[in-house]
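Step one of this worksheet: look at the structure below.
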There are 2 protein chains.
Amino acid sequence: MADTSAKRQLDSDKTGEPAQEVKRGKTDNENGREDGNESVQENVLSGFKTSSVLSDSAREKNIFIHGKVADQDAVVILEKTPIREDSLAELFSGSTLKLEMKNDIYSTYRLQAPPHLNEIKTTVVCPATEKHIKKYQRKESFLVEETEEDYKSVTLPYIQKQSFSVQWVYNILEKKAEAERIVYEDPDPDVGFVLLPDFKWDQKQVDDLYLIAIAHQRDIKSLRDLTSEHVPLLQNIFQKGKEAILQRYNLPASKLRVYLHYQPSYYHLHVHFTKLGYDAPGCGVERAHLIADVIQNLQSDPQYYKTRTLYFPLRADDGLLSKFKEAGRL
Amino acid sequence: MADTSAKRQLDSDKTGEPAQEVKRGKTDNENGREDGNESVQENVLSGFKTSSVLSDSAREKNIFIHGKVADQDAVVILEKTPIREDSLAELFSGSTLKLEMKNDIYSTYRLQAPPHLNEIKTTVVCPATEKHIKKYQRKESFLVEETEEDYKSVTLPYIQKQSFSVQWVYNILEKKAEAERIVYEDPDPDVGFVLLPDFKWDQKQVDDLYLIAIAHQRDIKSLRDLTSEHVPLLQNIFQKGKEAILQRYNLPASKLRVYLHYQPSYYHLHVHFTKLGYDAPGCGVERAHLIADVIQNLQSDPQYYKTRTLYFPLRADDGLLSKFKEAGRL
């Protein structure tokens with residue numbers, strides 16, 4: 001499953017060369033709809049040249065594309081937006097319908113909507129590294145069995161050697177980026193966290209609500225590092241995260257699925273809050289761990305996640321999978 | 001999950017008026033609106049009055065609406081279309097981009113596309129009966145927290161009082177039904193089981209492989225009844241189920257997600273085998289429990305599933321949900 005948030009993991013170490021705005025010379029637009037002297041935003045994608053489609057989903061109406069923007073490698077992710085109830089009246093009155101098929105009481109049409117009622121969420125990663133491109137490429141997954149020993153001898157050395165940058169996480173925690181997106185913060189250095197919407201969520205409707213709580217503590221890589229001493233941190237994130245979501249989005253705890261990923265996309269403790277009933281990518285039992293279960297397990301066995309065999313899927317191109325193969329564990 | 005193809009089930013016997021091609025002129029209007037003096041199709045939806053949203057999916061970008069067209073009940077289904085590779089160049093050059101966020105090499109935009117490149121598939125059922133309307137109605141789910149005490153005082157009495165029939169399960173175990181569908185059987189009365197395809201799987205491809213192992217033991221209602229004495233049974237189902245699937249479908253264990261549901265659909269122990277990467281209904285962390293985790297948990301704590309607080313979703317129309325509400329547990 002392609003996961004737009006997973007991009008975070010691959011944030012390059014070259015810090016923050018800002019994505020470039022590309023100057024648009026002549027319009028390529030065949031329809032000749034030149035904007036002339038209007039003061040409009042430059043279309044950074046007008047000069048985008050597609051190299052290949054990395055993956056797509058007809059079910060989810062998204063596509064991951066590799067290409068070039070002004071000679072720089074870029075990954076562009078397009079995803080159609082959910083249909084909003086509050087725009088239906090305008091959608092029905094302002095659109096054009098083209099009949100496709102009619103059979104008894106059933107008929108089907110192609111509806112052409114005013115562009116502002118039918119937007120496409122667009123994410124640009126530019127410049128993109130080889131790693132980004134590989135990341136978004138559709139790849140088969142394999143279920144890996146990781147014992148306590150496997151973690152120490154295979155996974156941990158791999159994580160440490162890769163030293164994935166989480167600079168973008170620190171930017172958020174330090175309000176150097178995305179400060180205006182923060183929904184709630186508990187600034188406590190031990191049990192505090194920042195809650196903000198995941199990039200996958202456009203925040204237009206709560207049906208696909210998706211927020212991430214990022215712990216202020218910087219030394220917890222993943223589920224594997226958790227012991228009973230972290231129970232207060234987990235309880236605080238769980239409790240205050242639920243309260244903040246109730247207050248901001250009017251969604252009670254009984255409508256939430258709150259969990260950690262293992263393996264996570266990036267090795268800094270974070271917790272996923274998604275709406276129950278929304279099939280969020282990564283909410284499957286093979287990767288998600290309910291925070292309520294994690295808390296209970298740590299309460300009854302402080303070393304639960306240090307000692308258990310854990311199962312998780314890895315994509316065919318994941319470097320960690322090669323390490324498990326080399327170790328004869330697959 | 002509402003399913004557009006499901007309407008076929010309700011299709012009337014009246015046979016098909018052939019699909020009509022509708023003649024119309026060009027519309028170059030930016031908003032895709034009609035110009036008025038052309039010979040165009042009437043917009044059957046321009047007078048549509050929404051009564052309620054029956055269901056929608058933010059992930060799949062669809063919505064099911066009940067309303068009225070000229071005093072007749074109608075169901076309208078809108079679903080955004082998949083993004084097509086062959087339209088990308090035109091999409092990039094002909095659209096307007098609005099910047100939403102920029103952080104390091106990542107930026108997000110709202111893309112407003114020319115209407116003909118971004119259509120919405122529209123299905124109209126009119127006149128719609130009460131059955132259609134109920135059919136498309138989503139039943140909301142709520143996450144329930146069930147302590148050991150809740151199980152004894154709320155859930156168990158409910159299950160016992162309902163005395164849900166599992167005669168169809170016994171028919172399978174006794175070869176009185178579906179005998180020809182059996183993929184594998186271990187006839188041992190203690191650790192044996194029958195493995196057969198789930199009805200959701202058409203067996204045409206392994207991409208959505210879905211099999212069920214049904215235990216021969218008849219006294220295990222669910223996860224809640226499991227103790228360490230059942231570890232040999234679970235291990236046997238896990239091991240021989242994987243072997244049978246490898247042999248029959250050439251799918252190795254590393255491509256399988258093997259789990260139990262809690263609450264289950266029926267109260268006789270059974271185990272789900274689905275292909276990793278296939279988003280099988282019910283494989284979410286809120287309902288599924290990996291059999292490998294269940295085995296480990298029972299090995300370290302024989303009473304794990306008798307004593308833990310368990311979380312699961314219940315639909316609004318589930319009788320058990322009413323019992324939890326009556327008990328003041330929601």
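To be explicit about the labels: the chains of the structure tokens are called A, B, and onward in the order shown, and within each one the residues are counted from 1, while ligands get numbers from 1 in the order they are shown.
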
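A least-squares superposition of chain A on chain B, with Cα atoms paired in sequence order, returns an RMSD value of 9.9 Å.
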
Could you list, as a list of chain:residue names, every residue within 7 Å of Asp198 in chain B, counting only C-alpha atoms and ignoring same-chain residues fewer than 2 positions away?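 Listing them by chain and then by number gives B:Leu196, B:Lys200, B:Trp201, B:Tyr210, B:Leu211, B:Ile212.
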
Taking the chain letters and numbering used in this document, name the residues of range 46-130 of chain B that DSSP puts in alpha helix (DSSP H), as a ChimeraX atom specification. /B:88-94,130

Secondary structure check, strand (DSSP E or B) residues of range 82-327 of chain B, as an MDAnalysis selection string: chainID B and resid 96:103 106:112 120:125 141:146 184:186 193:197 210:215 256:261 270:275 284 288:290 310:315

Within 12 Å of range 160-176 of chain A, which residues of range 93-211 of chain B come that close, and what is the closest atom pair and distance in Å for each? Count only C-alpha atoms and give it as a tab-separated table.
residue	atom	partner	partner_atom	distance
B:Lys102	CA	A:Trp168	CA	11.6
B:Asn103	CA	A:Trp168	CA	7.9
B:Asp104	CA	A:Trp168	CA	7.7
B:Ile105	CA	A:Trp168	CA	10.0
B:Tyr106	CA	A:Trp168	CA	10.1

Which distance in Å separates CA of Glu119 in chain A and CA of Leu111 in chain B, to one decimal?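 A separation of 5.5 Å between them.
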
Which one is closest to chain B: A:Ala215, A:Ala292, A:Val231, A:Leu298? Count only C-alpha atoms.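 Nearest candidate to chain B out of A:Ala215, A:Ala292, A:Val231, A:Leu298: A:Ala292.
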
Contacts of range 270-279 of chain B at 8 Å or less, counting only C-alpha atoms, minus same-chain residues fewer than 3 places along, as a VMD selection string? (chain A and resid 1 140 to 143 284) or (chain B and resid 206 to 215 237 255 to 261 283 291)

Tell me which of A:Tyr305, A:Lys68, A:Val75, A:Leu246 sits closest to His132 in chain A, counting only C-alpha atoms.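 When distances to His132 in chain A are compared using only C-alpha atoms, the smallest one comes from A:Val75.
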
My list of candidates is B:Ala244, B:Ala288, B:Val76, B:Ala179. Which is closest to chain A when distances are computed with only C-alpha atoms? B:Ala288

So how many Å separate CA of Ile159 in chain B and CA of Thr307 in chain B, to one decimal?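 Between CA of Ile159 in chain B and CA of Thr307 in chain B the gap is 18.3 Å.
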
Could you tell me how far CA of Phe92 in chain B lies from CA of Thr122 in chain B, in Å and to one decimal?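 Separating CA of Phe92 in chain B from CA of Thr122 in chain B is a distance of 24.8 Å.
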
Pick from B:Glu178, B:Asp86, B:Glu326, B:Asp317, whichever lies nearest to chain A using only C-alpha atoms: B:Asp86

Of the residues B:Lys204, B:Lys221, B:Arg329, B:His268, which is the one nearest to chain A, using only C-alpha atoms?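 Closest candidate: B:Arg329.
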
Proximity to chain B - best of A:Pro252, A:Gly192, A:Pro197, A:Pro115, only C-alpha atoms: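 Smallest separation from chain B among the options: A:Pro115.
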
Do a neighbour search on Glu229 in chain A at 12 Å with only C-alpha atoms, toss out local chain neighbours closer than 2 positions, and write the hits as a PDB file with C-alpha atoms, in the first residue's frame.
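The new file selection-v2.pdb reads:
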ATOM      1  CA  ASP A 190       8.558  13.891  29.354  1.00  0.00           C
ATOM      2  CA  VAL A 191       4.925  13.168  28.551  1.00  0.00           C
ATOM      3  CA  ILE A 220      12.198   6.484  21.657  1.00  0.00           C
ATOM      4  CA  ASP A 225      11.980   0.800  22.916  1.00  0.00           C
ATOM      5  CA  LEU A 226       8.859   1.056  25.051  1.00  0.00           C
ATOM      6  CA  THR A 227       8.855  -0.214  28.621  1.00  0.00           C
ATOM      7  CA  VAL A 231       3.114   4.162  30.215  1.00  0.00           C
ATOM      8  CA  PRO A 232       2.472   7.718  31.537  1.00  0.00           C
ATOM      9  CA  LEU A 233       3.598   9.145  28.184  1.00  0.00           C
ATOM     10  CA  LEU A 234       1.342   6.778  26.238  1.00  0.00           C
ATOM     11  CA  GLN A 235      -1.608   7.404  28.547  1.00  0.00           C
ATOM     12  CA  ILE A 295      -0.486   0.198  27.525  1.00  0.00           C
ATOM     13  CA  LEU A 298       3.397  -2.900  29.291  1.00  0.00           C
ATOM     14  CA  GLN A 299       1.469  -2.708  32.540  1.00  0.00           C
ATOM     15  CA  ASP A 301       4.918  -7.054  31.479  1.00  0.00           C
ATOM     16  CA  PRO A 302       7.336  -4.089  31.475  1.00  0.00           C
ATOM     17  CA  GLN A 303       9.535  -5.854  28.890  1.00  0.00           C
TER      18      GLN A 303
END

Which residues are close to range 46-56 of chain B, i.e. within 6 Å by only C-alpha atoms, leaving aside same-chain residues fewer than 6 positions away? Reply as a PyMOL selection string. (chain A and resi 92-93) or (chain B and resi 62-69+136-138)

If you keep all heavy atoms, can you produce a file of those selected residues as a JSON list (two decimals), in the first residue's frame?
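Below is the file that was written, selection_37.json:
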[["chain", "number", "residue", "atom", "x", "y", "z"],
["A", 92, "PHE", "N", -24.60, 19.66, -7.92],
["A", 92, "PHE", "CA", -25.70, 19.22, -8.77],
["A", 92, "PHE", "C", -26.17, 20.33, -9.69],
["A", 92, "PHE", "O", -26.50, 20.11, -10.85],
["A", 92, "PHE", "CB", -26.87, 18.71, -7.92],
["A", 92, "PHE", "CG", -26.59, 17.38, -7.28],
["A", 92, "PHE", "CD1", -27.09, 17.06, -6.03],
["A", 92, "PHE", "CD2", -25.83, 16.42, -7.94],
["A", 92, "PHE", "CE1", -26.84, 15.83, -5.44],
["A", 92, "PHE", "CE2", -25.57, 15.18, -7.37],
["A", 92, "PHE", "CZ", -26.08, 14.89, -6.12],
["A", 93, "SER", "N", -26.22, 21.55, -9.19],
["A", 93, "SER", "CA", -26.76, 22.62, -10.04],
["A", 93, "SER", "C", -25.72, 23.15, -11.02],
["A", 93, "SER", "O", -26.07, 23.60, -12.10],
["A", 93, "SER", "CB", -27.29, 23.76, -9.16],
["A", 93, "SER", "OG", -26.24, 24.33, -8.42],
["B", 62, "ASN", "N", -16.37, 8.18, -2.78],
["B", 62, "ASN", "CA", -17.72, 8.01, -3.28],
["B", 62, "ASN", "C", -18.72, 8.46, -2.22],
["B", 62, "ASN", "O", -18.37, 8.68, -1.06],
["B", 62, "ASN", "CB", -17.97, 6.56, -3.72],
["B", 62, "ASN", "CG", -17.79, 5.57, -2.58],
["B", 62, "ASN", "OD1", -17.95, 5.91, -1.41],
["B", 62, "ASN", "ND2", -17.48, 4.33, -2.91],
["B", 63, "ILE", "N", -19.96, 8.63, -2.65],
["B", 63, "ILE", "CA", -21.01, 9.04, -1.72],
["B", 63, "ILE", "C", -22.34, 8.50, -2.25],
["B", 63, "ILE", "O", -22.56, 8.44, -3.46],
["B", 63, "ILE", "CB", -21.03, 10.59, -1.57],
["B", 63, "ILE", "CG1", -21.94, 11.03, -0.42],
["B", 63, "ILE", "CG2", -21.42, 11.28, -2.87],
["B", 63, "ILE", "CD1", -21.71, 12.50, 0.00],
["B", 64, "PHE", "N", -23.19, 8.03, -1.35],
["B", 64, "PHE", "CA", -24.50, 7.48, -1.68],
["B", 64, "PHE", "C", -25.54, 8.40, -1.06],
["B", 64, "PHE", "O", -25.55, 8.56, 0.16],
["B", 64, "PHE", "CB", -24.65, 6.07, -1.12],
["B", 64, "PHE", "CG", -23.69, 5.07, -1.71],
["B", 64, "PHE", "CD1", -22.33, 5.12, -1.41],
["B", 64, "PHE", "CD2", -24.13, 4.08, -2.57],
["B", 64, "PHE", "CE1", -21.43, 4.22, -1.96],
["B", 64, "PHE", "CE2", -23.24, 3.15, -3.12],
["B", 64, "PHE", "CZ", -21.90, 3.23, -2.82],
["B", 65, "ILE", "N", -26.40, 8.97, -1.90],
["B", 65, "ILE", "CA", -27.31, 10.00, -1.42],
["B", 65, "ILE", "C", -28.75, 9.60, -1.69],
["B", 65, "ILE", "O", -29.09, 9.12, -2.77],
["B", 65, "ILE", "CB", -27.04, 11.34, -2.16],
["B", 65, "ILE", "CG1", -25.54, 11.67, -2.15],
["B", 65, "ILE", "CG2", -27.84, 12.48, -1.54],
["B", 65, "ILE", "CD1", -25.13, 12.48, -3.37],
["B", 66, "HIS", "N", -29.60, 9.83, -0.71],
["B", 66, "HIS", "CA", -31.04, 9.66, -0.91],
["B", 66, "HIS", "C", -31.65, 11.04, -1.10],
["B", 66, "HIS", "O", -31.29, 11.98, -0.40],
["B", 66, "HIS", "CB", -31.66, 8.96, 0.30],
["B", 66, "HIS", "CG", -33.17, 8.96, 0.28],
["B", 66, "HIS", "ND1", -33.93, 9.08, 1.42],
["B", 66, "HIS", "CD2", -34.04, 8.86, -0.76],
["B", 66, "HIS", "CE1", -35.22, 9.04, 1.08],
["B", 66, "HIS", "NE2", -35.31, 8.91, -0.22],
["B", 67, "GLY", "N", -32.55, 11.16, -2.07],
["B", 67, "GLY", "CA", -33.18, 12.45, -2.28],
["B", 67, "GLY", "C", -34.36, 12.32, -3.21],
["B", 67, "GLY", "O", -34.88, 11.22, -3.45],
["B", 68, "LYS", "N", -34.80, 13.45, -3.74],
["B", 68, "LYS", "CA", -35.97, 13.46, -4.61],
["B", 68, "LYS", "C", -35.63, 14.09, -5.95],
["B", 68, "LYS", "O", -34.97, 15.13, -6.01],
["B", 68, "LYS", "CB", -37.08, 14.30, -3.97],
["B", 68, "LYS", "CG", -37.58, 13.76, -2.64],
["B", 68, "LYS", "CD", -38.94, 13.12, -2.79],
["B", 68, "LYS", "CE", -39.46, 12.74, -1.41],
["B", 68, "LYS", "NZ", -40.54, 11.76, -1.49],
["B", 69, "VAL", "N", -36.11, 13.45, -7.02],
["B", 69, "VAL", "CA", -36.08, 14.05, -8.34],
["B", 69, "VAL", "C", -37.54, 14.21, -8.76],
["B", 69, "VAL", "O", -38.24, 13.21, -8.94],
["B", 69, "VAL", "CB", -35.35, 13.16, -9.36],
["B", 69, "VAL", "CG1", -35.45, 13.76, -10.75],
["B", 69, "VAL", "CG2", -33.90, 12.96, -8.97],
["B", 136, "TYR", "N", -28.30, 0.94, 0.77],
["B", 136, "TYR", "CA", -27.12, 1.78, 0.64],
["B", 136, "TYR", "C", -26.76, 2.51, 1.94],
["B", 136, "TYR", "O", -25.79, 3.24, 1.99],
["B", 136, "TYR", "CB", -27.32, 2.80, -0.48],
["B", 136, "TYR", "CG", -27.37, 2.17, -1.84],
["B", 136, "TYR", "CD1", -28.49, 2.31, -2.66],
["B", 136, "TYR", "CD2", -26.31, 1.43, -2.31],
["B", 136, "TYR", "CE1", -28.53, 1.73, -3.92],
["B", 136, "TYR", "CE2", -26.34, 0.84, -3.57],
["B", 136, "TYR", "CZ", -27.46, 0.99, -4.36],
["B", 136, "TYR", "OH", -27.49, 0.41, -5.60],
["B", 137, "GLN", "N", -27.60, 2.32, 2.95],
["B", 137, "GLN", "CA", -27.37, 3.05, 4.19],
["B", 137, "GLN", "C", -26.20, 2.45, 4.96],
["B", 137, "GLN", "O", -26.13, 1.25, 5.17],
["B", 137, "GLN", "CB", -28.63, 2.94, 5.06],
["B", 137, "GLN", "CG", -28.68, 3.98, 6.14],
["B", 137, "GLN", "CD", -30.08, 4.59, 6.19],
["B", 137, "GLN", "OE1", -31.07, 3.89, 5.96],
["B", 137, "GLN", "NE2", -30.15, 5.86, 6.48],
["B", 138, "ARG", "N", -25.31, 3.29, 5.35],
["B", 138, "ARG", "CA", -24.18, 2.84, 6.16],
["B", 138, "ARG", "C", -24.63, 2.64, 7.60],
["B", 138, "ARG", "O", -25.39, 3.44, 8.15],
["B", 138, "ARG", "CB", -23.09, 3.90, 6.16],
["B", 138, "ARG", "CG", -21.82, 3.46, 6.88],
["B", 138, "ARG", "CD", -21.13, 4.56, 7.62],
["B", 138, "ARG", "NE", -21.11, 5.83, 6.96],
["B", 138, "ARG", "CZ", -20.21, 6.19, 6.06],
["B", 138, "ARG", "NH1", -19.25, 5.37, 5.72],
["B", 138, "ARG", "NH2", -20.28, 7.38, 5.50]]
